[in-house]
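Shown next: target16.txt, containing compact mmCIF, C-alpha atoms.
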```txt
# COMPACT_ATOMS: atom_id res chain seq x y z
CA MET X 1 -17.28 -67.25 24.32
CA PHE X 2 -20.72 -68.50 23.29
CA SER X 3 -22.38 -65.22 24.18
CA LYS X 4 -20.12 -63.48 21.67
CA TRP X 5 -21.29 -65.89 18.97
CA PHE X 6 -24.97 -65.56 19.80
CA ASN X 7 -24.79 -61.76 19.99
CA ASN X 8 -23.38 -61.54 16.45
CA PRO X 9 -25.29 -63.72 13.95
CA VAL X 10 -22.73 -62.99 11.19
CA TYR X 11 -20.69 -65.94 12.44
CA PHE X 12 -23.65 -68.24 11.88
CA ARG X 13 -24.25 -66.80 8.41
CA TYR X 14 -20.71 -67.63 7.34
CA ALA X 15 -21.00 -71.03 9.01
CA PHE X 16 -24.22 -71.66 7.07
CA TYR X 17 -22.61 -70.89 3.72
CA ILE X 18 -19.59 -73.03 4.45
CA SER X 19 -21.48 -75.96 5.97
CA PHE X 20 -24.09 -76.05 3.21
CA ALA X 21 -21.38 -76.01 0.54
CA VAL X 22 -19.44 -78.75 2.33
CA THR X 23 -22.58 -80.86 2.75
CA LEU X 24 -23.45 -80.57 -0.93
CA LEU X 25 -19.87 -81.32 -1.91
CA PHE X 26 -19.80 -84.45 0.25
CA ASN X 27 -23.05 -85.72 -1.22
CA LEU X 28 -22.12 -84.97 -4.82
CA THR X 29 -18.63 -86.46 -4.62
CA CYS X 30 -19.52 -89.54 -2.61
CA PHE X 31 -19.35 -92.46 -4.99
CA GLU X 32 -21.69 -94.68 -3.05
CA LYS X 33 -25.01 -93.13 -2.25
CA SER X 34 -25.37 -93.62 1.47
CA ASP X 35 -27.71 -92.00 3.94
CA ASN X 36 -25.00 -91.10 6.44
CA PHE X 37 -25.08 -87.39 5.62
CA TYR X 38 -28.66 -86.64 6.69
CA PHE X 39 -27.56 -85.15 10.02
CA MET X 40 -25.52 -82.54 8.17
CA TYR X 41 -28.68 -81.12 6.59
CA MET X 42 -30.26 -80.81 10.04
CA LEU X 43 -27.16 -79.03 11.31
CA VAL X 44 -27.26 -76.68 8.31
CA THR X 45 -30.90 -75.90 9.09
CA VAL X 46 -30.12 -75.05 12.72
CA ILE X 47 -27.19 -72.84 11.70
CA PHE X 48 -29.41 -71.13 9.13
CA GLY X 49 -32.02 -70.40 11.79
CA PHE X 50 -29.38 -68.92 14.08
CA GLY X 51 -27.87 -66.73 11.39
CA PHE X 52 -30.94 -65.51 9.55
CA TYR X 53 -33.52 -65.19 12.31
CA LYS X 54 -34.34 -61.57 11.40
CA ARG X 55 -35.25 -62.31 7.78
CA SER X 56 -38.83 -62.49 6.55
CA ASN X 57 -40.70 -65.75 6.90
CA TRP X 58 -40.94 -66.21 3.13
CA ILE X 59 -37.18 -66.12 2.66
CA ILE X 60 -36.67 -68.50 5.57
CA LEU X 61 -39.26 -70.92 4.19
CA LEU X 62 -37.75 -70.73 0.70
CA VAL X 63 -34.23 -71.54 1.86
CA VAL X 64 -35.37 -74.34 4.16
CA THR X 65 -37.40 -75.79 1.29
CA ILE X 66 -34.23 -75.76 -0.84
CA ILE X 67 -32.33 -77.52 1.95
CA ALA X 68 -35.07 -80.16 2.28
CA LEU X 69 -35.18 -80.70 -1.49
CA CYS X 70 -31.42 -81.18 -1.59
CA ARG X 71 -31.70 -83.75 1.16
CA PHE X 72 -34.59 -85.50 -0.58
CA TYR X 73 -32.74 -85.82 -3.89
CA LEU X 74 -29.19 -86.37 -2.67
CA VAL X 75 -29.66 -88.68 0.33
CA PRO X 76 -31.53 -91.84 -0.67
CA GLN X 77 -34.21 -92.85 1.78
CA SER X 78 -37.75 -94.04 1.38
CA ALA X 79 -39.66 -91.11 2.83
CA HIS X 80 -42.00 -88.50 1.41
CA ILE X 81 -40.90 -84.96 0.72
CA PHE X 82 -43.64 -83.64 2.99
CA SER X 83 -42.16 -85.39 6.02
CA TYR X 84 -38.80 -83.75 5.27
CA LEU X 85 -40.40 -80.34 4.83
CA ILE X 86 -42.34 -80.53 8.09
CA THR X 87 -39.29 -81.78 9.99
CA TYR X 88 -36.99 -79.09 8.63
CA TYR X 89 -39.55 -76.33 9.15
CA LEU X 90 -39.91 -77.35 12.79
CA ILE X 91 -36.14 -77.50 13.31
CA MET X 92 -35.72 -74.11 11.69
CA TYR X 93 -38.50 -72.41 13.65
CA ILE X 94 -37.12 -73.77 16.92
CA SER X 95 -33.69 -72.32 16.16
CA VAL X 96 -35.20 -69.00 15.00
CA GLY X 97 -37.30 -68.84 18.15
CA PHE X 98 -34.26 -69.56 20.29
CA MET X 99 -32.33 -66.70 18.73
CA LYS X 100 -35.25 -64.30 19.06
CA GLN X 101 -35.60 -65.18 22.74
CA TYR X 102 -31.85 -64.89 23.29
CA GLN X 103 -31.70 -61.44 21.68
CA LYS X 104 -34.40 -60.01 24.00
```

Render the structure in this file as structure tokens.
Amino acid sequence: MFSKWFNNPVYFRYAFYISFAVTLLFNLTCFEKSDNFYFMYMLVTVIFGFGFYKRSNWIILLVVTIIALCRFYLVPQSAHIFSYLITYYLIMYISVGFMKQYQK
């Protein structure tokens, strides 16, 4: 079952669109600003890496920067944007590397 998913990254692309929209919707409609949704942004980053591993590095970096900026502005925590960017870049490159190794 999992090999079917990993052999066809289209499933992860659709999952990325849906999960990113749901994450943004949860953060925008939540009346109290809590930091309980940070894990959803990490999950979105992993799904993005699985689905878009063949794209150019610039597009991948741009989208992950957008994800990190959304997390920085929508989830209140006292951290610097650079720590979010480095963390999300590492998560994304690990998932991209996993998919590239799996596809060999």

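Compared by their closest atoms to Cys30 in chain X, and using all atoms listed in the file, the residues X:Val75, X:Val64, X:Ile94, X:His80 rank with X:Val75 nearest.
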
Next on the checklist: Between CA of Asn57 in chain X and CA of Gln77 in chain X, what is the distance in Å, rounded to a tenth?
Outcome noted: 28.3 Å

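Ranking X:Leu90, X:Val46, X:Arg55, X:Cys70 by their shortest atom-to-atom distance to Thr23 in chain X, with all atoms listed in the file included, puts X:Cys70 first.
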
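Proximity to Ser95 in chain X was assessed for X:Phe26, X:Tyr53, X:Tyr73, X:Phe39 counting all atoms listed in the file; the smallest distance is recorded for X:Tyr53.
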
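Here the question is which of X:Tyr38, X:Tyr88, X:Tyr14, X:Tyr102 gets nearest to Leu62 in chain X using all atoms listed in the file, and that residue is X:Tyr88.
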
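Among the candidate residues X:Thr45, X:Thr65, X:Thr87, X:Ser56, the one lying nearest to Phe12 in chain X is X:Thr45, with distances computed using all atoms listed in the file.
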
Checklist outcome for this item: Here CA of Gly49 in chain X and CA of Phe98 in chain X stand apart by 8.8 Å

Item to check | Of the listed residues X:Tyr84, X:Lys100, X:Ser19, X:Arg13, that which approaches Ile66 in chain X most closely, counting all atoms listed in the file | outcome: X:Tyr84

Checklist entry - So how many Å separate CA of Leu25 in chain X and CA of Met99 in chain X, to one decimal? => result 28.2 Å
